[in-house]
2 protein chains.
Amino acid sequence: MSTAAQTGENTSAEVAGKAAYHHGDLRAQLLNAVRQLVETKGAENFSIAEAARVAGVSSAAPYRHFKDKPEILKALVLQCMAEMSATMRSVMEPYPAGSIDRINALGHCYINFARDHPGLFRLVFGISESHDGDAELATKGSQVFGIVIETVADYFGVSPDHPQAKFRAYMLWSVVHGHSWLIIDGKAKMQGIEVDEAQFLQQIAAGLIETVDGIE
Amino acid sequence: MSTAAQTGENTSAEVAGKAAYHHGDLRAQLLNAVRQLVETKGAENFSIAEAARVAGVSSAAPYRHFKDKPEILKALVLQCMAEMSATMRSVMEPYPAGSIDRINALGHCYINFARDHPGLFRLVFGISESHDGDAELATKGSQVFGIVIETVADYFGVSPDHPQAKFRAYMLWSVVHGHSWLIIDGKAKMQGIEVDEAQFLQQIAAGLIETVDGIE
DNA sequence: TGGCGTATGTAAGTGGCGCAAACATATGTA
DNA sequence: TACATATGTTTGCGCCACTTACATACGCCA
């Protein structure tokens, strides 16, 4: 448990012999620690103090790199969003542009992120400290949703600015987002529902995209 | 601010002259206080101590009625779920059984709950302390989702046990649930999307329910 | 009516956390 | 080499979750 954190952590500075006072990379190491804690204990149960302990520094050290707790979490959210958009781009790349397979691949990818990192998913989409008007978050956010819009627009052969493309993309996003939540909350299983995900996504695509009589 | 809490709270015991020591209804009053705090500050930012202050008792008093913080929140979740299912039943009642209007009414109702009580919605569906195998939560939960299944099954004229009815109901639930989350997170607005909700629900029903060639 | 057990409240204490100083040490640059 | 700055530590404050010991009211039975 505690060793898992250390295997990759202490290599950079302490082992290198630079003495630990300035180990040069605390910000990144703290983010790793926070990420690990959020994944295991949830965003509302992690403490900066514990993250500092994991990183091997005093409990006040984090405040040299982050203003306060929300700012740490925001940094982690940005990191996750960047990963999500990168992964989404990579999983859809094998499929031909404009194909329905690309849309399905996006859906699977999104859901898998939630299933594989429920703690992070909850953080990214569930925390109320929304930093409401934050520009960075908005930007990274559109990099995720933007992919969906692009892909849907490609399918219909229209510009991503087309309102109908946005609307259809938003419907898709809603289903996939909702399903992700229900999965990690265990609500589906609680109701005795076992969802065949491939079928689910296929039916969604069929009902919300393919049956639409051409846009514009 | 602080007076708002008192207008409705002190009436039961203190004003009645019974002295405050046993005011007879602390559990309910605490739940009210917690509800108010969760609605305004979010479930991860409320403190038992503050709820006790609002209710006008010492900070240890709540522990006579609730084991710990998660248990308080669980009680509130149960309360919310009961309200949701009651409201859902009442809003669909005016429409004829088996009609698509009933399905739409359910959707609106669900989304409205999220919009009107984002803090509570986050609590009910977003907190990781899922009390995972909790029987009470499962029961109350099925009373919510059960309504959706029933209504969809009615539309198709099959039994609520029919797997296809469950599957279609689950798809609907996912969209509505996802949209609710995106709305209260402001994600839609952040992406410059203004969703016409009536149209949204109508398109969903059209794509996921009405176009389905009869079940079984 | 009176006494007793129990339910329900309070006060005080423990340990942890978020965060702010004030202080210490390393690093880069003149 | 000296100084400004970045980055770490120690200490301290206030708040919180939760516990334990104590106090008070209420219900019930003789």
# chains A, B, ... in the order shown; residues from 1 in each chain; ligands from 1
>>> interface_residues(of="chain A", to="chain C", cutoff="10 Å", atoms="only C-alpha atoms (C1' of nucleotides)", output="list in words")
Tyr21, His22, Ser47, Ile48, Ala49, Glu50, Ser59, Ala60, Tyr63, Lys67, Asp68 and Lys69 of chain A
>>> calpha_fit_rmsd(fixed="chain B", moving="chain A")
0.2 Å
>>> residues_around(residues="A:Ala205", least_positions_apart="5", cutoff="10 Å", atoms="only C-alpha atoms (C1' of nucleotides)", output="list in words")
Ile100, Asp101, Ile103, Asn104, Gly107, Leu172, Gln199, Phe200, Glu210 and Thr211 of chain A; Gly207 and Leu208 of chain B
>>> write_last_selection(atoms="N, CA and C atoms", output="mmCIF file, in the first residue's frame")
data_model
loop_
_atom_site.group_PDB
_atom_site.id
_atom_site.type_symbol
_atom_site.label_atom_id
_atom_site.label_comp_id
_atom_site.auth_asym_id
_atom_site.auth_seq_id
_atom_site.Cartn_x
_atom_site.Cartn_y
_atom_site.Cartn_z
ATOM 1 N N ILE A 100 -19.857 5.633 -38.360
ATOM 2 C CA ILE A 100 -20.564 5.512 -37.089
ATOM 3 C C ILE A 100 -19.686 4.829 -36.053
ATOM 4 N N ASP A 101 -18.718 4.065 -36.526
ATOM 5 C CA ASP A 101 -17.816 3.382 -35.597
ATOM 6 C C ASP A 101 -17.028 4.367 -34.747
ATOM 7 N N ILE A 103 -18.080 7.173 -33.668
ATOM 8 C CA ILE A 103 -18.977 7.634 -32.611
ATOM 9 C C ILE A 103 -19.069 6.586 -31.504
ATOM 10 N N ASN A 104 -19.211 5.335 -31.901
ATOM 11 C CA ASN A 104 -19.267 4.264 -30.902
ATOM 12 C C ASN A 104 -17.983 4.167 -30.099
ATOM 13 N N GLY A 107 -17.921 6.689 -27.400
ATOM 14 C CA GLY A 107 -18.790 6.304 -26.288
ATOM 15 C C GLY A 107 -18.109 5.300 -25.377
ATOM 16 N N LEU A 172 -26.091 12.609 -27.541
ATOM 17 C CA LEU A 172 -25.195 11.470 -27.344
ATOM 18 C C LEU A 172 -24.420 11.612 -26.040
ATOM 19 N N GLN A 199 -24.477 -3.361 -27.159
ATOM 20 C CA GLN A 199 -25.847 -3.233 -27.656
ATOM 21 C C GLN A 199 -26.422 -1.866 -27.280
ATOM 22 N N PHE A 200 -26.148 -1.471 -26.069
ATOM 23 C CA PHE A 200 -26.608 -0.167 -25.589
ATOM 24 C C PHE A 200 -26.159 0.941 -26.537
ATOM 25 N N GLU A 210 -28.468 7.570 -36.519
ATOM 26 C CA GLU A 210 -28.622 6.981 -37.849
ATOM 27 C C GLU A 210 -30.007 7.188 -38.447
ATOM 28 N N THR A 211 -31.029 7.203 -37.577
ATOM 29 C CA THR A 211 -32.382 7.313 -38.113
ATOM 30 C C THR A 211 -32.755 8.746 -38.460
ATOM 31 N N GLY B 207 -36.597 8.864 -30.714
ATOM 32 C CA GLY B 207 -35.503 8.002 -31.142
ATOM 33 C C GLY B 207 -35.393 6.705 -30.364
ATOM 34 N N LEU B 208 -35.728 6.775 -29.083
ATOM 35 C CA LEU B 208 -35.458 5.596 -28.262
ATOM 36 C C LEU B 208 -36.705 4.778 -27.930
#
>>> residues_around(residues="stretch 109-122 of chain A", least_positions_apart="5", cutoff="6 Å", atoms="only C-alpha atoms (C1' of nucleotides)", output="PyMOL selection string")
chain A and resi 38-39+42+180
>>> write_last_selection(atoms="N, CA and C atoms", output="compact mmCIF listing (two decimals), in the first residue's frame")
# COMPACT_ATOMS: atom_id res chain seq x y z
N VAL A 38 -7.44 10.40 -4.51
CA VAL A 38 -8.78 10.62 -5.04
C VAL A 38 -9.32 9.34 -5.66
N GLU A 39 -8.47 8.60 -6.31
CA GLU A 39 -8.93 7.35 -6.92
C GLU A 39 -9.35 6.34 -5.85
N GLY A 42 -11.79 8.83 -2.86
CA GLY A 42 -12.78 9.79 -3.31
C GLY A 42 -12.34 11.22 -3.03
N SER A 180 -22.60 6.41 -17.65
CA SER A 180 -21.36 6.34 -16.87
C SER A 180 -21.64 6.54 -15.39
>>> atom_distance(atom1="atom CA of B:His108", atom2="atom CA of B:Glu136")
26.0 Å
>>> interface_residues(of="chain D", to="chain A", cutoff="10 Å", atoms="only C-alpha atoms (C1' of nucleotides)", output="number ranges by chain")
D: 6-10
>>> select_by_dssp(residues="stretch 70-202 of chain A", states="helix (DSSP H, G or I)", output="MDAnalysis selection string")
chainID A and resid 70:92 100:116 118:126 135:156 163:185 187:190 197:202
>>> residues_around(residues="A:Gln36", least_positions_apart="4", cutoff="9 Å", atoms="only C-alpha atoms (C1' of nucleotides)", output="PDB file with N, CA and C atoms, in the first residue's frame")
ATOM      1  N   ALA A   5       3.233   3.813  -3.358  1.00  0.00           N
ATOM      2  CA  ALA A   5       3.433   5.227  -3.642  1.00  0.00           C
ATOM      3  C   ALA A   5       4.914   5.543  -3.811  1.00  0.00           C
ATOM      4  N   LEU A  31       0.657  16.080  -7.228  1.00  0.00           N
ATOM      5  CA  LEU A  31      -0.475  15.750  -8.087  1.00  0.00           C
ATOM      6  C   LEU A  31      -0.641  14.241  -8.195  1.00  0.00           C
ATOM      7  N   ASN A  32       0.482  13.533  -8.299  1.00  0.00           N
ATOM      8  CA  ASN A  32       0.396  12.068  -8.329  1.00  0.00           C
ATOM      9  C   ASN A  32      -0.235  11.535  -7.051  1.00  0.00           C
ATOM     10  N   THR A  40      -8.609   6.292  -4.766  1.00  0.00           N
ATOM     11  CA  THR A  40      -8.906   5.261  -3.780  1.00  0.00           C
ATOM     12  C   THR A  40      -9.949   5.701  -2.759  1.00  0.00           C
ATOM     13  N   LYS A  41      -9.886   6.966  -2.312  1.00  0.00           N
ATOM     14  CA  LYS A  41     -10.756   7.379  -1.227  1.00  0.00           C
ATOM     15  C   LYS A  41     -11.854   8.336  -1.656  1.00  0.00           C
ATOM     16  N   ALA A  51      -1.754  13.753   1.373  1.00  0.00           N
ATOM     17  CA  ALA A  51      -1.012  13.804   0.118  1.00  0.00           C
ATOM     18  C   ALA A  51       0.436  14.218   0.385  1.00  0.00           C
TER      19      ALA A  51
END
>>> closest_atom_pairs(of="chain B", to="chain A", cutoff="6 Å", atoms="only C-alpha atoms", output="Markdown table")
| residue | atom | partner | partner_atom | distance |
| --- | --- | --- | --- | --- |
| B:Ser174 | CA | A:Gly178 | CA | 4.4 |
| B:Val175 | CA | A:Val175 | CA | 4.0 |
| B:His177 | CA | A:Gly178 | CA | 5.0 |
| B:Gly178 | CA | A:Gly178 | CA | 3.5 |
| B:His179 | CA | A:Ser174 | CA | 5.0 |
| B:Gly207 | CA | A:Gly207 | CA | 4.2 |
| B:Leu208 | CA | A:Gly207 | CA | 5.3 |
